[in-house]
$ cat work.cif   # mmCIF, C-alpha atoms
data_run
#
loop_
_atom_site.label_atom_id
_atom_site.label_comp_id
_atom_site.auth_asym_id
_atom_site.auth_seq_id
_atom_site.Cartn_x
_atom_site.Cartn_y
_atom_site.Cartn_z
CA MET A 120 -6.54 -4.89 1.14
CA LYS A 121 -7.83 -2.75 3.98
CA GLU A 122 -11.57 -2.34 4.36
CA GLY A 123 -11.38 1.45 3.93
CA ALA A 124 -9.46 1.14 0.67
CA PHE A 125 -11.93 -1.45 -0.60
CA TYR A 126 -14.91 0.85 -0.09
CA LYS A 127 -13.06 3.65 -1.88
CA ILE A 128 -12.66 1.62 -5.08
CA LEU A 129 -16.07 -0.08 -4.80
CA PRO A 130 -17.92 2.67 -6.74
CA VAL A 131 -15.39 2.43 -9.58
CA LEU A 132 -15.74 -1.36 -9.73
CA LEU A 133 -19.53 -1.28 -9.74
CA CYS A 134 -19.72 1.43 -12.38
CA ALA A 135 -17.25 -0.51 -14.55
CA LEU A 136 -19.35 -3.64 -14.07
CA ALA A 137 -22.44 -1.82 -15.32
CA ILE A 138 -21.15 -1.73 -18.90
CA PRO A 139 -20.61 -5.49 -19.49
CA LEU A 140 -23.70 -6.30 -17.44
CA SER A 141 -25.89 -4.01 -19.55
CA MET A 142 -24.48 -5.59 -22.74
CA PHE A 143 -25.22 -9.06 -21.35
CA MET A 144 -28.83 -8.07 -20.61
CA TRP A 145 -29.18 -6.55 -24.09
CA ILE A 146 -27.93 -9.74 -25.78
CA GLY A 147 -30.26 -11.81 -23.63
CA ASN A 148 -33.19 -9.58 -24.56
CA ILE A 149 -32.41 -9.99 -28.29
CA ALA A 150 -32.21 -13.77 -27.93
CA TYR A 151 -35.52 -13.88 -26.05
CA SER A 152 -37.22 -11.66 -28.65
CA LYS A 153 -36.08 -13.92 -31.49
CA LEU A 154 -37.34 -17.01 -29.71
CA ALA A 155 -40.62 -15.43 -28.67
CA SER A 156 -41.49 -13.67 -31.94
CA ASP A 157 -40.12 -12.12 -35.09
CA ASN A 158 -40.98 -8.59 -33.89
CA GLN A 159 -37.76 -6.76 -33.05
CA ASP A 160 -39.54 -3.64 -31.77
CA ASN A 161 -39.47 -5.09 -28.26
CA VAL A 162 -35.68 -5.32 -28.15
CA ILE A 163 -34.41 -2.98 -25.44
CA PRO A 164 -31.40 -1.02 -26.76
CA PRO A 165 -28.02 -1.29 -24.98
CA SER A 166 -28.08 2.40 -24.06
CA ARG A 167 -31.25 1.83 -22.03
CA TRP A 168 -29.76 -1.21 -20.31
CA LEU A 169 -26.67 0.84 -19.43
CA PHE A 170 -28.71 3.70 -18.01
CA SER A 171 -31.01 1.32 -16.13
CA ILE A 172 -28.06 -0.39 -14.45
CA LEU A 173 -25.65 2.48 -13.94
CA VAL A 174 -28.11 4.95 -12.37
CA PRO A 175 -29.55 2.41 -9.86
CA ILE A 176 -25.97 1.48 -8.89
CA LEU A 177 -25.22 5.14 -8.20
CA LEU A 178 -28.41 5.42 -6.15
CA MET A 179 -27.45 2.31 -4.19
CA LEU A 180 -23.98 3.68 -3.45
CA TYR A 181 -25.46 7.00 -2.32
CA GLY A 182 -27.88 5.20 -0.02
CA LEU A 183 -25.07 3.18 1.53
CA LYS A 184 -22.87 6.23 1.96
CA ARG A 185 -25.67 8.27 3.56
CA LYS A 186 -26.64 5.26 5.71
CA GLY A 187 -30.17 5.30 4.36
CA VAL A 188 -30.10 1.55 3.65
CA ASN A 189 -28.10 -1.43 4.81
CA LYS A 190 -26.52 -3.97 2.46
CA SER A 191 -29.65 -6.10 2.10
CA GLY A 192 -31.78 -3.01 1.53
CA ALA A 193 -29.33 -1.69 -1.07
CA THR A 194 -29.33 -5.01 -2.93
CA MET A 195 -33.12 -5.27 -3.00
CA GLY A 196 -33.43 -1.60 -3.90
CA LEU A 197 -31.01 -2.10 -6.79
CA LEU A 198 -33.11 -4.93 -8.21
CA CYS A 199 -36.32 -2.90 -7.91
CA ALA A 200 -34.69 0.19 -9.44
CA VAL A 201 -33.38 -1.76 -12.46
CA VAL A 202 -36.83 -3.22 -13.20
CA LEU A 203 -38.54 0.15 -12.78
CA SER A 204 -36.01 1.97 -14.96
CA VAL A 205 -36.07 -0.57 -17.78
CA ALA A 206 -39.86 -0.35 -17.87
CA SER A 207 -40.02 3.46 -17.78
CA HIS A 208 -37.66 6.16 -16.56
CA ALA A 209 -40.72 7.88 -15.12
CA PHE A 210 -41.05 4.97 -12.66
CA LEU A 211 -37.42 5.36 -11.63
CA ALA A 212 -38.03 9.08 -11.10
CA CYS A 213 -40.81 8.21 -8.65
CA LEU A 214 -38.56 5.77 -6.78
CA ALA A 215 -35.69 8.27 -6.54
CA THR A 216 -38.01 11.05 -5.37
CA PHE A 217 -39.50 8.79 -2.72
CA PHE A 218 -36.08 7.67 -1.51
CA PHE A 219 -34.57 11.14 -1.21
CA SER A 220 -37.60 12.94 0.20
CA SER A 221 -38.60 10.24 2.69
CA SER A 222 -35.03 9.93 3.95
CA ARG A 223 -34.90 13.67 4.61
CA ALA A 224 -38.30 13.57 6.30
CA THR A 225 -37.21 10.73 8.60
CA LYS A 226 -34.20 12.72 9.82
CA PHE A 227 -36.19 15.94 10.32
CA ARG A 228 -36.30 16.89 14.03
CA SER A 229 -35.33 13.35 15.01
CA HIS A 230 -34.53 14.50 18.56
CA LEU A 231 -38.23 15.23 19.11
CA LYS A 232 -39.40 11.87 17.75
CA ARG A 233 -37.19 10.00 20.21
CA LYS A 234 -39.23 11.47 23.05
CA PHE A 235 -42.45 9.65 22.17
CA GLU A 236 -41.42 6.70 19.92
CA GLU A 237 -39.68 3.79 21.61
CA ASP A 238 -38.24 2.23 18.42
CA PHE A 239 -37.34 5.44 16.60
CA LYS A 240 -33.85 5.30 15.11
CA GLY A 241 -33.82 8.49 13.05
CA GLY A 242 -30.65 8.99 11.06
CA GLU A 243 -29.21 5.77 12.50
CA GLY A 244 -31.98 3.60 11.09
CA ARG A 245 -31.26 1.94 7.76
CA ARG A 246 -33.90 0.40 5.52
CA ASN A 247 -33.45 -3.33 5.09
CA TRP A 248 -34.68 -5.61 2.31
CA ALA A 249 -38.08 -6.13 3.97
CA GLN A 250 -38.73 -2.40 4.21
CA VAL A 251 -37.72 -1.92 0.58
CA ILE A 252 -40.17 -4.63 -0.53
CA CYS A 253 -42.97 -3.12 1.57
CA ASN A 254 -42.44 0.31 0.00
CA ALA A 255 -41.40 -0.56 -3.57
CA GLY A 256 -42.66 -4.13 -4.01
CA MET A 257 -46.10 -3.25 -5.37
CA ALA A 258 -44.67 -0.74 -7.85
CA THR A 259 -42.04 -3.23 -9.02
CA GLN A 260 -44.65 -5.93 -9.63
CA LEU A 261 -46.73 -3.51 -11.70
CA ALA A 262 -43.57 -2.49 -13.61
CA LEU A 263 -42.97 -6.14 -14.50
CA LEU A 264 -46.55 -6.36 -15.80
CA TYR A 265 -45.90 -3.15 -17.74
CA LEU A 266 -42.85 -4.72 -19.40
CA LEU A 267 -44.67 -7.93 -20.27
CA ASP A 268 -47.90 -6.30 -21.46
CA CYS A 269 -46.85 -2.92 -22.88
CA GLY A 270 -43.14 -3.25 -23.57
CA TYR A 271 -40.55 -0.74 -22.42
CA GLY A 272 -40.54 3.02 -22.79
CA GLU A 273 -42.17 6.16 -21.46
CA LYS A 274 -45.81 6.61 -22.46
CA PRO A 275 -48.26 9.43 -21.73
CA VAL A 276 -51.38 8.87 -19.68
CA ASP A 277 -54.18 8.33 -22.18
CA PHE A 278 -56.90 5.95 -21.04
CA GLY A 279 -58.56 6.17 -24.46
CA ARG A 280 -55.66 5.08 -26.70
CA LEU A 281 -53.19 3.60 -24.18
CA TYR A 282 -55.45 2.10 -21.55
CA ARG A 283 -53.17 -0.64 -20.18
CA SER A 284 -49.97 1.40 -19.97
CA SER A 285 -51.92 4.32 -18.45
CA TRP A 286 -53.56 2.03 -15.87
CA LEU A 287 -50.26 0.49 -14.83
CA GLY A 288 -48.41 3.81 -14.86
CA ILE A 289 -50.94 5.51 -12.58
CA GLY A 290 -50.91 2.42 -10.36
CA ILE A 291 -47.12 2.63 -9.95
CA MET A 292 -47.23 6.37 -9.34
CA GLY A 293 -50.06 5.88 -6.84
CA ALA A 294 -48.16 3.21 -4.90
CA PHE A 295 -45.12 5.47 -4.50
CA ALA A 296 -47.31 8.48 -3.67
CA CYS A 297 -49.02 6.42 -0.97
CA CYS A 298 -45.70 5.48 0.65
CA ASN A 299 -44.30 8.98 0.39
CA GLY A 300 -47.47 10.62 1.65
CA ASP A 301 -47.65 8.30 4.64
CA THR A 302 -43.96 8.86 5.43
CA TRP A 303 -44.33 12.63 5.27
CA ALA A 304 -47.46 12.48 7.45
CA SER A 305 -45.83 10.33 10.14
CA GLU A 306 -42.38 11.93 10.08
CA LEU A 307 -43.33 15.60 9.60
CA GLY A 308 -46.88 15.76 10.91
CA THR A 309 -45.84 14.48 14.34
CA VAL A 310 -43.24 17.20 14.93
CA ILE A 311 -44.87 20.18 13.18
CA GLY A 312 -47.93 21.84 14.60
CA SER A 313 -49.42 21.83 18.07
CA GLY A 314 -52.01 19.69 19.74
CA GLN A 315 -52.60 15.97 19.93
CA PRO A 316 -53.75 13.91 16.93
CA PHE A 317 -57.11 12.17 16.75
CA LEU A 318 -57.61 8.44 16.35
CA ILE A 319 -59.16 8.06 12.89
CA THR A 320 -61.69 5.42 14.00
CA SER A 321 -63.05 7.22 17.09
CA TRP A 322 -61.81 10.82 16.77
CA LYS A 323 -60.58 10.70 20.34
CA LYS A 324 -57.35 12.50 21.15
CA VAL A 325 -54.34 10.19 21.37
CA PRO A 326 -50.62 10.76 22.05
CA ARG A 327 -48.32 11.64 19.17
CA GLY A 328 -46.87 8.60 17.45
CA THR A 329 -50.00 6.47 17.95
CA ASN A 330 -50.75 4.19 15.02
CA GLY A 331 -53.91 5.46 13.35
CA GLY A 332 -53.58 8.95 14.76
CA VAL A 333 -54.27 11.76 12.29
CA SER A 334 -53.97 15.52 12.41
CA LEU A 335 -54.64 18.38 10.04
CA ALA A 336 -50.90 18.90 9.59
CA GLY A 337 -50.36 15.19 8.93
CA LEU A 338 -53.10 15.05 6.29
CA LEU A 339 -51.68 18.14 4.61
CA PHE A 340 -48.19 16.63 4.53
CA SER A 341 -49.54 13.38 3.11
CA PHE A 342 -51.12 15.33 0.26
CA LEU A 343 -47.90 17.28 -0.33
CA GLY A 344 -45.85 14.08 -0.23
CA GLY A 345 -48.04 12.64 -2.97
CA ILE A 346 -47.82 15.89 -4.94
CA VAL A 347 -44.02 15.59 -5.02
CA ILE A 348 -44.27 12.10 -6.54
CA GLY A 349 -46.83 13.34 -9.05
CA VAL A 350 -44.54 16.20 -10.07
CA SER A 351 -41.62 13.83 -10.67
CA TYR A 352 -43.79 11.52 -12.79
CA TYR A 353 -45.20 14.45 -14.77
CA LEU A 354 -41.77 15.97 -15.48
CA ALA A 355 -40.38 12.62 -16.59
CA ILE A 356 -43.28 12.13 -19.01
CA ARG A 357 -43.19 15.75 -20.17
CA TYR A 358 -39.51 15.69 -21.13
CA SER A 359 -39.05 12.07 -22.27
CA VAL A 360 -42.11 11.48 -24.47
CA ASP A 361 -42.03 12.79 -28.02
CA SER A 362 -43.88 16.09 -28.41
CA LYS A 363 -45.94 14.73 -31.31
CA ILE A 364 -47.25 11.92 -29.13
CA LEU A 365 -48.00 14.35 -26.30
CA SER A 366 -49.94 16.59 -28.67
CA LEU A 367 -52.30 13.69 -29.42
CA SER A 368 -52.76 12.89 -25.72
CA PRO A 369 -54.86 14.55 -23.00
CA ASN A 370 -53.28 17.11 -20.69
CA GLN A 371 -50.72 15.41 -18.46
CA TRP A 372 -50.67 17.90 -15.58
CA PRO A 373 -53.57 16.15 -13.73
CA ILE A 374 -50.93 13.52 -12.84
CA ILE A 375 -49.75 15.98 -10.18
CA VAL A 376 -53.24 16.28 -8.69
CA PHE A 377 -53.79 12.55 -8.64
CA GLY A 378 -50.39 12.13 -6.99
CA GLY A 379 -51.63 14.31 -4.14
CA ILE A 380 -54.89 12.35 -3.96
CA ALA A 381 -52.94 9.09 -3.82
CA GLY A 382 -50.75 10.42 -1.01
CA LEU A 383 -53.79 11.47 1.01
CA LEU A 384 -55.74 8.28 0.25
CA GLY A 385 -52.78 6.07 1.13
CA SER A 386 -52.25 7.86 4.42
CA VAL A 387 -55.93 7.48 5.36
CA VAL A 388 -55.92 3.77 4.45
CA ASP A 389 -52.70 3.30 6.44
CA SER A 390 -54.25 5.06 9.44
CA LEU A 391 -57.44 2.97 9.30
CA ILE A 392 -55.45 -0.27 9.24
CA GLY A 393 -53.02 0.98 11.87
CA ALA A 394 -55.81 1.99 14.23
CA THR A 395 -57.46 -1.43 14.09
CA LEU A 396 -54.91 -4.14 13.24
CA GLN A 397 -51.76 -2.62 14.74
CA TYR A 398 -51.21 -2.40 18.48
CA SER A 399 -50.47 0.93 20.14
CA GLY A 400 -49.74 1.39 23.80
CA MET A 401 -47.87 3.71 26.14
CA ASP A 402 -45.14 2.42 28.44
CA GLU A 403 -44.15 3.75 31.83
CA ASN A 404 -41.76 6.22 30.22
CA GLY A 405 -44.53 7.80 28.16
CA LYS A 406 -43.33 6.36 24.85
CA ILE A 407 -45.50 4.67 22.23
CA VAL A 408 -44.88 0.93 21.89
CA GLU A 409 -46.32 -1.61 19.44
CA ARG A 410 -46.55 -4.59 21.77
CA PRO A 411 -48.47 -5.28 24.99
CA GLY A 412 -46.59 -5.85 28.19
CA ARG A 413 -46.31 -5.07 31.85
CA ASP A 414 -46.96 -1.42 32.68
CA VAL A 415 -48.10 -0.76 29.09
CA LYS A 416 -51.38 1.11 28.75
CA HIS A 417 -53.40 0.05 25.72
CA ILE A 418 -54.42 2.89 23.39
CA SER A 419 -55.78 1.28 20.23
CA GLY A 420 -55.67 -1.70 17.91
CA VAL A 421 -54.73 -5.35 18.26
CA ARG A 422 -51.36 -6.93 17.59
CA ILE A 423 -51.90 -8.52 14.16
CA LEU A 424 -49.79 -6.46 11.77
CA ASP A 425 -46.57 -4.51 12.15
CA ASN A 426 -45.71 -1.19 10.53
CA HIS A 427 -44.10 -2.79 7.47
CA SER A 428 -47.14 -4.96 6.77
CA VAL A 429 -49.43 -1.95 7.07
CA ASN A 430 -47.29 -0.02 4.58
CA LEU A 431 -47.37 -2.90 2.11
CA ILE A 432 -51.15 -3.35 2.30
CA SER A 433 -51.71 0.40 1.96
CA SER A 434 -49.49 0.64 -1.13
CA ILE A 435 -51.26 -2.34 -2.73
CA ALA A 436 -54.70 -0.87 -2.05
CA THR A 437 -53.74 2.58 -3.33
CA GLY A 438 -51.96 1.19 -6.38
CA LEU A 439 -55.11 -0.72 -7.35
CA LEU A 440 -57.61 2.05 -6.58
CA MET A 441 -55.88 5.06 -8.12
CA PRO A 442 -56.10 4.01 -11.82
CA SER A 443 -59.89 3.71 -11.56
CA ILE A 444 -60.15 7.04 -9.74
CA ALA A 445 -57.95 8.79 -12.29
CA MET A 446 -59.77 7.23 -15.24
CA HIS A 447 -63.16 8.45 -14.07
CA PHE A 448 -62.14 11.98 -13.07
CA TRP A 449 -59.36 12.81 -15.55
CA ASP A 450 -61.68 14.65 -17.95
CA SER A 451 -62.91 16.85 -15.11
CA PHE A 452 -59.60 18.73 -15.05
#

$ encode --input "work.cif" --output "structure tokens"
Amino acid sequence: MKEGAFYKILPVLLCALAIPLSMFMWIGNIAYSKLASDNQDNVIPPSRWLFSILVPILLMLYGLKRKGVNKSGATMGLLCAVVLSVASHAFLACLATFFFSSSRATKFRSHLKRKFEEDFKGGEGRRNWAQVICNAGMATQLALLYLLDCGYGEKPVDFGRLYRSSWLGIGIMGAFACCNGDTWASELGTVIGSGQPFLITSWKKVPRGTNGGVSLAGLLFSFLGGIVIGVSYYLAIRYSVDSKILSLSPNQWPIIVFGGIAGLLGSVVDSLIGATLQYSGMDENGKIVERPGRDVKHISGVRILDNHSVNLISSIATGLLMPSIAMHFWDSF
């Protein structure tokens, strides 16, 4: 069979595989529940397994077709998406929003980014498995804890009655908002607006593309990037949770505000780490590089972490901080 013909029937094969695979996972979940306890309320229904396998497969195929991920990135993204969706469809909504919006942001005015970033690949760059872990790994770990501790299903944010599910849910939303906010800041803030950014640790002007460089436009885009994640989480909760349960819970719209705060906080944390533990220099062609070398002028930082490591640490920090911030300030809204 020719390679072109194989890729044409691949979506059909994967979608067909989703049905028996979801049934297999459902049967396994029933067997585990019977061995673990007599409570059958934790058995995930086959319809949820089907949705949580079929939709991530479709997302994976879209990412491959649009060249947003390579094969390893698609495989890792599929695993993360299945876990997130089984735990709560609101978590999958955050992942999908991050994937689509960050991909568009990366391709925005890519011809300008090539002028000052040596390793910029724009629309040609595909996320690999390591990049997927750095952006979705923290959220996926929290989703696994959500499954083990709270079971499956969409739950409103209510720190009084549903403390653990609310804590984990805000943590997952915050991790995605951090990654999306930082992506919007770096991909949109560098090509929109005039003037040079400031290094966050010294407030000295630095060239565009410098790790740790911030600007008013970049901070605004980081807040907006987090807002988008907050909106997706809010809508998923608003339309998937029973209205009777929502009526007994606090207002859910502050999720949107805390999404924006998470995006801004994550971008600031990312900039602080990038300015100190990530090397930035300018080569003889005037492009920003992340390694020292001959004819490279040092700008900031030391070569300890790379961009992926900084993203991972930022998402972990934001995912752990945001639940406490939201819990203490929720009643203020």

$ resolve_selection --input "work.cif" --expression "the PyMOL selection byres ((chain A and resi 430-436) around 8)" --output "PyMOL selection string"
chain A and resi 252-254+256-257+293-295+297-298+385-386+388-389+426-429+437-440

$ atom_distance --input "work.cif" --atom1 "atom CA of A:Gly192" --atom2 "atom CA of A:Ala255"
11.2 Å

$ atom_distance --input "work.cif" --atom1 "atom CA of A:Val347" --atom2 "atom CA of A:Val202"
21.7 Å

$ atom_distance --input "work.cif" --atom1 "atom CA of A:Tyr265" --atom2 "atom CA of A:Gly344"
24.6 Å

$ closest_atom_pairs --input "work.cif" --of "stretch 314-409 of chain A" --to "stretch 275-291 of chain A" --cutoff "10 Å" --atoms "only C-alpha atoms" --output "Markdown table"
| residue | atom | partner | partner_atom | distance |
| --- | --- | --- | --- | --- |
| A:Gly349 | CA | A:Ile289 | CA | 9.5 |
| A:Tyr352 | CA | A:Gly288 | CA | 9.2 |
| A:Tyr353 | CA | A:Pro275 | CA | 9.1 |
| A:Ala355 | CA | A:Pro275 | CA | 9.9 |
| A:Ile356 | CA | A:Pro275 | CA | 6.3 |
| A:Arg357 | CA | A:Pro275 | CA | 8.3 |
| A:Ser359 | CA | A:Pro275 | CA | 9.6 |
| A:Val360 | CA | A:Pro275 | CA | 7.0 |
| A:Asp361 | CA | A:Pro275 | CA | 9.5 |
| A:Ile364 | CA | A:Pro275 | CA | 7.9 |
| A:Leu365 | CA | A:Pro275 | CA | 6.7 |
| A:Leu367 | CA | A:Asp277 | CA | 9.2 |
| A:Ser368 | CA | A:Asp277 | CA | 5.9 |
| A:Pro369 | CA | A:Asp277 | CA | 6.3 |
| A:Asn370 | CA | A:Val276 | CA | 8.5 |
| A:Gln371 | CA | A:Val276 | CA | 6.7 |
| A:Trp372 | CA | A:Val276 | CA | 9.9 |
| A:Pro373 | CA | A:Val276 | CA | 9.7 |
| A:Ile374 | CA | A:Ile289 | CA | 8.0 |
| A:Phe377 | CA | A:Ile289 | CA | 8.6 |
| A:Gly378 | CA | A:Ile289 | CA | 8.7 |
| A:Ala381 | CA | A:Gly290 | CA | 9.6 |

$ residues_around --input "work.cif" --residues "A:Ser171" --least-positions-apart "3" --cutoff "9 Å" --atoms "only C-alpha atoms" --output "PDB file with C-alpha atoms, keeping the file's coordinate frame"
ATOM      1  CA  SER A 141     -25.890  -4.010 -19.550  1.00  0.00           C
ATOM      2  CA  SER A 166     -28.080   2.400 -24.060  1.00  0.00           C
ATOM      3  CA  ARG A 167     -31.250   1.830 -22.030  1.00  0.00           C
ATOM      4  CA  TRP A 168     -29.760  -1.210 -20.310  1.00  0.00           C
ATOM      5  CA  VAL A 174     -28.110   4.950 -12.370  1.00  0.00           C
ATOM      6  CA  PRO A 175     -29.550   2.410  -9.860  1.00  0.00           C
ATOM      7  CA  ILE A 176     -25.970   1.480  -8.890  1.00  0.00           C
ATOM      8  CA  ALA A 200     -34.690   0.190  -9.440  1.00  0.00           C
ATOM      9  CA  VAL A 201     -33.380  -1.760 -12.460  1.00  0.00           C
ATOM     10  CA  VAL A 202     -36.830  -3.220 -13.200  1.00  0.00           C
ATOM     11  CA  LEU A 203     -38.540   0.150 -12.780  1.00  0.00           C
ATOM     12  CA  SER A 204     -36.010   1.970 -14.960  1.00  0.00           C
ATOM     13  CA  VAL A 205     -36.070  -0.570 -17.780  1.00  0.00           C
ATOM     14  CA  HIS A 208     -37.660   6.160 -16.560  1.00  0.00           C
ATOM     15  CA  LEU A 211     -37.420   5.360 -11.630  1.00  0.00           C
TER      16      LEU A 211
END

$ resolve_selection --input "work.cif" --expression "the PyMOL selection byres ((chain A and resi 323-337) around 7)" --output "VMD selection string"
chain A and resid 235 to 236 304 to 305 308 to 309 312 315 to 319 321 to 322 338 to 341 390 to 391 393 to 394 397 399 407

$ resolve_selection --input "work.cif" --expression "the PyMOL selection byres ((chain A and resi 412) around 12)" --output "count of residues only"
16

$ closest_residue --input "work.cif" --among "A:Leu266, A:Leu178, A:Leu198, A:Ala212" --to "A:Ile163" --atoms "only C-alpha atoms"
A:Leu266

$ closest_residue --input "work.cif" --among "A:Thr395, A:Asn299, A:Gln250, A:Ser419" --to "A:Thr216" --atoms "all atoms listed in the file"
A:Asn299

$ closest_residue --input "work.cif" --among "A:Cys213, A:Ala445, A:Ser222, A:Ser451" --to "A:Ile346" --atoms "all atoms listed in the file"
A:Cys213

$ build_atoms --input "work.cif" --residues "stretch 405-426 of chain A" --atoms "N, CA and C atoms" --output "compact mmCIF listing (two decimals), in the frame of the given file"
# COMPACT_ATOMS: atom_id res chain seq x y z
N GLY A 405 -43.74 6.90 28.99
CA GLY A 405 -44.53 7.80 28.16
C GLY A 405 -44.26 7.67 26.69
N LYS A 406 -43.62 6.57 26.26
CA LYS A 406 -43.33 6.36 24.85
C LYS A 406 -44.31 5.36 24.25
N ILE A 407 -44.58 5.55 22.94
CA ILE A 407 -45.50 4.67 22.23
C ILE A 407 -44.79 3.37 21.87
N VAL A 408 -45.42 2.25 22.21
CA VAL A 408 -44.88 0.93 21.89
C VAL A 408 -45.90 0.17 21.06
N GLU A 409 -45.44 -0.85 20.32
CA GLU A 409 -46.32 -1.61 19.44
C GLU A 409 -46.53 -3.04 19.92
N ARG A 410 -46.33 -3.25 21.21
CA ARG A 410 -46.55 -4.59 21.77
C ARG A 410 -47.06 -4.45 23.20
N PRO A 411 -47.98 -5.32 23.60
CA PRO A 411 -48.47 -5.28 24.99
C PRO A 411 -47.41 -5.79 25.95
N GLY A 412 -47.55 -5.42 27.19
CA GLY A 412 -46.59 -5.85 28.19
C GLY A 412 -46.93 -5.27 29.55
N ARG A 413 -46.10 -5.59 30.52
CA ARG A 413 -46.31 -5.07 31.85
C ARG A 413 -46.11 -3.55 31.86
N ASP A 414 -47.00 -2.88 32.56
CA ASP A 414 -46.96 -1.42 32.68
C ASP A 414 -47.14 -0.71 31.35
N VAL A 415 -47.78 -1.39 30.37
CA VAL A 415 -48.10 -0.76 29.09
C VAL A 415 -49.61 -0.51 29.02
N LYS A 416 -49.98 0.73 28.83
CA LYS A 416 -51.38 1.11 28.75
C LYS A 416 -51.86 1.04 27.31
N HIS A 417 -52.89 0.23 27.07
CA HIS A 417 -53.40 0.05 25.72
C HIS A 417 -54.08 1.34 25.24
N ILE A 418 -53.80 1.71 23.99
CA ILE A 418 -54.42 2.89 23.39
C ILE A 418 -55.39 2.50 22.29
N SER A 419 -54.92 1.66 21.35
CA SER A 419 -55.78 1.28 20.23
C SER A 419 -55.22 0.04 19.55
N GLY A 420 -56.09 -0.62 18.77
CA GLY A 420 -55.67 -1.70 17.91
C GLY A 420 -55.35 -3.01 18.61
N VAL A 421 -55.14 -4.03 17.78
CA VAL A 421 -54.73 -5.35 18.26
C VAL A 421 -53.44 -5.72 17.54
N ARG A 422 -52.67 -6.60 18.14
CA ARG A 422 -51.36 -6.93 17.59
C ARG A 422 -51.48 -8.02 16.53
N ILE A 423 -51.81 -7.61 15.31
CA ILE A 423 -51.90 -8.52 14.16
C ILE A 423 -50.84 -8.18 13.12
N LEU A 424 -50.73 -6.91 12.78
CA LEU A 424 -49.79 -6.46 11.77
C LEU A 424 -48.74 -5.55 12.38
N ASP A 425 -47.58 -5.49 11.74
CA ASP A 425 -46.57 -4.51 12.15
C ASP A 425 -46.58 -3.36 11.15
N ASN A 426 -45.71 -2.38 11.36
CA ASN A 426 -45.71 -1.19 10.53
C ASN A 426 -45.39 -1.50 9.07
